[in-house]
$ cat work_29.cif   # mmCIF, C-alpha atoms
data_work
loop_
_atom_site.label_atom_id
_atom_site.label_comp_id
_atom_site.auth_asym_id
_atom_site.auth_seq_id
_atom_site.Cartn_x
_atom_site.Cartn_y
_atom_site.Cartn_z
CA MET A 263 8.73 9.78 -5.66
CA ILE A 264 6.70 12.40 -7.47
CA ILE A 265 5.14 15.64 -6.25
CA LYS A 266 1.56 16.13 -7.44
CA GLY A 267 -1.03 18.77 -6.79
CA ARG A 268 -4.28 20.39 -7.66
CA LEU A 269 -5.36 24.00 -8.02
CA TRP A 270 -8.72 25.68 -7.74
CA VAL A 271 -10.09 29.20 -7.69
CA GLU A 272 -12.25 30.55 -4.89
CA THR A 273 -14.29 33.68 -4.28
CA ASP A 274 -16.01 34.73 -1.05
CA GLN A 275 -18.88 32.50 -2.22
CA GLY A 276 -16.69 29.38 -2.31
CA LYS A 277 -15.07 27.41 -5.11
CA VAL A 278 -15.70 28.77 -8.58
CA LEU A 279 -13.21 26.89 -10.78
CA GLY A 280 -11.35 23.61 -10.41
CA PRO A 281 -10.25 20.67 -12.56
CA GLY A 282 -13.74 19.10 -12.67
CA ARG A 283 -15.51 22.33 -13.59
CA ILE A 284 -12.98 23.08 -16.31
CA GLU A 285 -13.29 19.56 -17.73
CA LEU A 286 -17.07 20.03 -17.80
CA LEU A 287 -16.71 23.32 -19.70
CA GLU A 288 -14.29 21.71 -22.16
CA ARG A 289 -16.60 18.78 -22.81
CA ILE A 290 -19.62 21.03 -23.27
CA ASN A 291 -17.57 23.03 -25.74
CA GLU A 292 -16.70 19.85 -27.65
CA CYS A 293 -20.12 18.21 -27.76
CA GLY A 294 -22.54 21.15 -27.38
CA SER A 295 -24.63 19.31 -24.83
CA LEU A 296 -24.71 19.48 -21.04
CA ARG A 297 -26.29 16.04 -20.88
CA GLN A 298 -23.60 14.44 -23.07
CA ALA A 299 -20.81 16.20 -21.17
CA ALA A 300 -22.23 14.96 -17.85
CA LEU A 301 -22.54 11.41 -19.21
CA GLN A 302 -18.92 11.44 -20.39
CA MET A 303 -17.80 12.42 -16.91
CA GLU A 304 -20.12 9.91 -15.19
CA MET A 305 -21.73 12.86 -13.44
CA SER A 306 -25.48 13.27 -12.93
CA TYR A 307 -27.23 15.79 -15.15
CA LYS A 308 -28.37 17.62 -12.02
CA LYS A 309 -24.82 17.89 -10.69
CA ALA A 310 -23.55 19.25 -14.02
CA TRP A 311 -26.44 21.70 -14.18
CA ASP A 312 -25.76 22.88 -10.62
CA LEU A 313 -22.04 23.41 -11.35
CA ILE A 314 -22.79 25.45 -14.45
CA SER A 315 -25.48 27.47 -12.62
CA ASP A 316 -23.03 28.20 -9.83
CA MET A 317 -20.32 29.36 -12.23
CA ASN A 318 -22.78 31.45 -14.26
CA ALA A 319 -24.00 33.10 -11.05
CA GLN A 320 -20.51 33.88 -9.72
CA PHE A 321 -19.10 35.39 -12.90
CA THR A 322 -20.44 38.70 -14.13
CA GLN A 323 -21.18 37.06 -17.50
CA PRO A 324 -22.39 33.48 -18.02
CA LEU A 325 -19.79 30.89 -19.03
CA VAL A 326 -22.41 28.67 -20.68
CA ASN A 327 -25.70 29.48 -22.39
CA SER A 328 -28.07 26.56 -22.44
CA SER A 329 -31.57 25.81 -23.59
CA ARG A 330 -33.56 22.93 -22.19
CA GLY A 331 -35.82 20.49 -23.98
CA GLY A 332 -36.32 19.80 -27.66
CA LYS A 333 -35.72 16.55 -29.54
CA ASN A 334 -32.05 16.35 -28.54
CA GLY A 335 -32.51 17.43 -24.93
CA GLY A 336 -31.39 21.01 -25.40
CA THR A 337 -28.11 22.56 -26.37
CA ALA A 338 -25.34 24.23 -24.43
CA VAL A 339 -22.84 26.74 -25.77
CA VAL A 340 -19.70 27.89 -24.02
CA THR A 341 -19.58 31.69 -24.28
CA ALA A 342 -16.57 33.86 -25.16
CA LYS A 343 -16.10 34.45 -21.42
CA GLY A 344 -16.24 30.67 -20.83
CA LEU A 345 -13.59 30.08 -23.51
CA GLU A 346 -11.40 32.75 -21.91
CA VAL A 347 -11.72 31.03 -18.53
CA ILE A 348 -10.77 27.64 -20.05
CA ARG A 349 -7.73 29.21 -21.74
CA GLN A 350 -6.62 30.95 -18.54
CA TYR A 351 -7.00 27.78 -16.49
CA ARG A 352 -4.90 25.85 -19.00
CA GLU A 353 -2.26 28.57 -18.80
CA LEU A 354 -2.35 28.31 -15.00
CA GLN A 355 -1.94 24.52 -15.25
CA ASP A 356 1.08 24.96 -17.53
CA HIS A 357 2.72 27.24 -14.97
CA PHE A 358 1.86 24.73 -12.25
CA GLN A 359 3.34 21.77 -14.15
CA ASN A 360 6.54 23.77 -14.63
CA PHE A 361 6.58 24.59 -10.93
CA LEU A 362 6.20 20.91 -10.03
CA LYS A 363 9.00 19.96 -12.42
CA GLU A 364 11.39 22.63 -11.25
CA VAL A 365 10.74 22.96 -7.51
CA PRO A 366 14.10 22.37 -5.79
CA VAL A 367 12.81 20.05 -3.05
CA LYS A 368 13.58 16.36 -3.45
CA PHE A 369 12.23 13.79 -1.02
CA GLN A 370 14.32 10.64 -0.54
CA LEU A 371 12.66 7.36 0.35
CA MET L 1141 -10.73 35.71 -6.61
CA ILE L 1142 -7.95 33.67 -5.13
CA ILE L 1143 -6.04 30.68 -6.50
CA LYS L 1144 -5.59 27.90 -3.96
CA GLY L 1145 -4.07 24.46 -4.14
CA ARG L 1146 -2.76 21.41 -2.41
CA LEU L 1147 0.32 19.26 -2.94
CA TRP L 1148 1.07 15.67 -2.10
CA VAL L 1149 3.85 13.17 -2.77
CA GLU L 1150 3.25 9.79 -4.37
CA THR L 1151 5.27 6.66 -4.97
CA ASP L 1152 4.28 3.62 -7.04
CA GLN L 1153 2.52 2.45 -3.87
CA GLY L 1154 0.26 5.51 -3.75
CA LYS L 1155 0.23 8.64 -1.63
CA VAL L 1156 3.05 8.88 0.89
CA LEU L 1157 2.93 12.51 2.07
CA GLY L 1158 0.25 15.19 2.07
CA PRO L 1159 -1.02 18.02 4.28
CA GLY L 1160 -2.83 15.66 6.70
CA ARG L 1161 0.11 13.28 7.10
CA ILE L 1162 2.51 16.16 7.71
CA GLU L 1163 0.16 17.72 10.26
CA LEU L 1164 0.00 14.35 12.03
CA LEU L 1165 3.82 14.13 12.14
CA GLU L 1166 4.06 17.69 13.45
CA ARG L 1167 1.52 17.05 16.20
CA ILE L 1168 3.20 13.80 17.23
CA ASN L 1169 6.45 15.73 17.39
CA GLU L 1170 4.85 18.34 19.64
CA CYS L 1171 2.98 16.09 22.03
CA GLY L 1172 4.90 12.78 21.87
CA SER L 1173 1.73 10.75 21.57
CA LEU L 1174 -0.03 9.23 18.60
CA ARG L 1175 -3.29 9.10 20.53
CA GLN L 1176 -3.13 12.79 21.48
CA ALA L 1177 -2.14 13.81 17.96
CA ALA L 1178 -5.08 11.83 16.52
CA LEU L 1179 -7.48 13.40 19.05
CA GLN L 1180 -6.30 16.90 18.17
CA MET L 1181 -7.03 16.20 14.51
CA GLU L 1182 -10.39 14.53 15.25
CA MET L 1183 -9.00 11.43 13.59
CA SER L 1184 -9.48 7.89 14.92
CA TYR L 1185 -6.51 6.28 16.60
CA LYS L 1186 -6.68 3.48 14.03
CA LYS L 1187 -6.59 5.93 11.11
CA ALA L 1188 -3.56 7.72 12.59
CA TRP L 1189 -1.84 4.40 13.25
CA ASP L 1190 -2.51 3.25 9.69
CA LEU L 1191 -1.13 6.49 8.21
CA ILE L 1192 2.06 6.22 10.25
CA SER L 1193 2.45 2.51 9.41
CA ASP L 1194 2.05 3.30 5.75
CA MET L 1195 4.67 6.06 5.83
CA ASN L 1196 7.07 3.94 7.88
CA ALA L 1197 6.67 1.11 5.37
CA GLN L 1198 7.20 3.30 2.31
CA PHE L 1199 10.31 5.11 3.53
CA THR L 1200 13.54 3.16 3.94
CA GLN L 1201 13.73 4.39 7.56
CA PRO L 1202 10.75 4.88 9.89
CA LEU L 1203 9.45 8.43 10.34
CA VAL L 1204 7.97 7.63 13.76
CA ASN L 1205 9.01 5.16 16.44
CA SER L 1206 6.18 4.24 18.74
CA SER L 1207 5.58 1.95 21.67
CA ARG L 1208 2.11 0.81 22.60
CA GLY L 1209 0.56 0.44 26.04
CA GLY L 1210 1.75 1.61 29.43
CA LYS L 1211 0.05 4.01 31.83
CA ASN L 1212 -0.03 6.86 29.31
CA GLY L 1213 -1.03 4.78 26.31
CA GLY L 1214 2.44 4.55 24.79
CA THR L 1215 4.75 7.13 23.35
CA ALA L 1216 5.62 8.17 19.82
CA VAL L 1217 8.80 9.85 18.69
CA VAL L 1218 9.39 11.47 15.30
CA THR L 1219 12.78 10.26 14.05
CA ALA L 1220 15.53 12.34 12.44
CA LYS L 1221 14.23 11.15 9.06
CA GLY L 1222 10.71 12.22 10.07
CA LEU L 1223 11.96 15.68 11.06
CA GLU L 1224 13.78 15.97 7.74
CA VAL L 1225 10.57 15.09 5.86
CA ILE L 1226 8.59 17.71 7.83
CA ARG L 1227 11.24 20.34 7.07
CA GLN L 1228 11.30 19.47 3.38
CA TYR L 1229 7.52 19.57 3.11
CA ARG L 1230 7.44 23.01 4.76
CA GLU L 1231 10.09 24.18 2.28
CA LEU L 1232 7.96 22.79 -0.55
CA GLN L 1233 4.91 24.64 0.84
CA ASP L 1234 6.90 27.89 0.96
CA HIS L 1235 7.82 27.50 -2.71
CA PHE L 1236 4.19 26.70 -3.50
CA GLN L 1237 2.85 29.76 -1.66
CA ASN L 1238 5.30 31.93 -3.60
CA PHE L 1239 4.16 30.30 -6.82
CA LEU L 1240 0.50 31.01 -6.00
CA LYS L 1241 1.31 34.64 -5.18
CA GLU L 1242 3.39 35.23 -8.28
CA VAL L 1243 1.71 33.19 -11.00
CA PRO L 1244 0.89 35.64 -13.81
CA VAL L 1245 -2.65 34.40 -14.46
CA LYS L 1246 -5.50 36.58 -13.18
CA PHE L 1247 -9.11 35.48 -13.47
CA GLN L 1248 -11.70 38.25 -13.75
CA LEU L 1249 -15.21 37.72 -12.41
#
$ encode --input "work_29.cif" --output "structure tokens"
Amino acid sequence: MIIKGRLWVETDQGKVLGPGRIELLERINECGSLRQAALQMEMSYKKAWDLISDMNAQFTQPLVNSSRGGKNGGTAVVTAKGLEVIRQYRELQDHFQNFLKEVPVKFQL
Amino acid sequence: MIIKGRLWVETDQGKVLGPGRIELLERINECGSLRQAALQMEMSYKKAWDLISDMNAQFTQPLVNSSRGGKNGGTAVVTAKGLEVIRQYRELQDHFQNFLKEVPVKFQL
């Protein structure tokens, strides 16, 4: 029997960060392309674009700068603020994994 | 900006406890009826029945004893094991709320 969980971050405007959004940022950072990142996650380009737009609108600085078009379908760059958010979310996940390991509640089947 | 989360408990057979299942147990415990508890949660009777069956099958002792039929549509009683599970899940939630309050990661918009 294992305790699992998920965390997300909300503002008054709704969800702003969660596991899917962070994975999208990480993949954009690795491959430099919103389209490729969306493909890797089996997510539509529109969905990925909407998630990034939403995050960029909710933070005071954009997390991703992207340009559309061109031979390779545009590029996307995770900004310094975006990298900071990824790092902080990973740190949060580390704390959460420790919590799940150490929480003194044991269910018996 | 607020960090939120949800926890659930899994076995090799899949999910066994989560917020919805615990709420169902709590409502059955309050009203003594699976049908009433399902109604209160806007859940179909079949769905509620399936969730309880699944929990009863996964634990070594049933969490709910129920009888079908009769004038009032049968009764359902949360067992001592069921009450223990509810109590443990609440304890887990208390630890989790403390974790969320105290985790030293602050996102800035």
$ interface_residues --input "work_29.cif" --of "chain L" --to "chain A" --cutoff "8 Å" --atoms "all atoms listed in the file" --output "PyMOL selection string"
chain L and resi 1141-1152+1198-1201+1225+1228+1231-1232+1235+1239+1243+1245-1249
$ residues_around --input "work_29.cif" --residues "range 1173-1182 of chain L" --least-positions-apart "6" --cutoff "7 Å" --atoms "only C-alpha atoms" --output "list in words"
Leu1164, Arg1167, Ala1188, Thr1215 and Ala1216 of chain L
$ atom_distance --input "work_29.cif" --atom1 "CA of Ser1206 in chain L" --atom2 "CA of Asp1194 in chain L"
13.7 Å
$ residues_around --input "work_29.cif" --residues "Val1204 in chain L" --least-positions-apart "2" --cutoff "6 Å" --atoms "all atoms listed in the file" --output "NGL selection string"
:L and (1202 or 1217-1219)
$ write_last_selection --input "work_29.cif" --atoms "C-alpha atoms" --output "short mmCIF file (atom, residue, chain, number, x, y, z; two decimals), in the coordinates of the input"
data_model
loop_
_atom_site.label_atom_id
_atom_site.label_comp_id
_atom_site.auth_asym_id
_atom_site.auth_seq_id
_atom_site.Cartn_x
_atom_site.Cartn_y
_atom_site.Cartn_z
CA PRO L 1202 10.75 4.88 9.89
CA VAL L 1217 8.80 9.85 18.69
CA VAL L 1218 9.39 11.47 15.30
CA THR L 1219 12.78 10.26 14.05
#
$ atom_distance --input "work_29.cif" --atom1 "CA of Pro1159 in chain L" --atom2 "CA of Asp1190 in chain L"
15.8 Å
$ closest_residue --input "work_29.cif" --among "A:Lys363, A:Asn291, A:Glu285, A:Asn318" --to "Met305 in chain A" --atoms "only C-alpha atoms"
A:Glu285
$ atom_distance --input "work_29.cif" --atom1 "CA of Gln359 in chain A" --atom2 "CA of Ala1197 in chain L"
28.6 Å
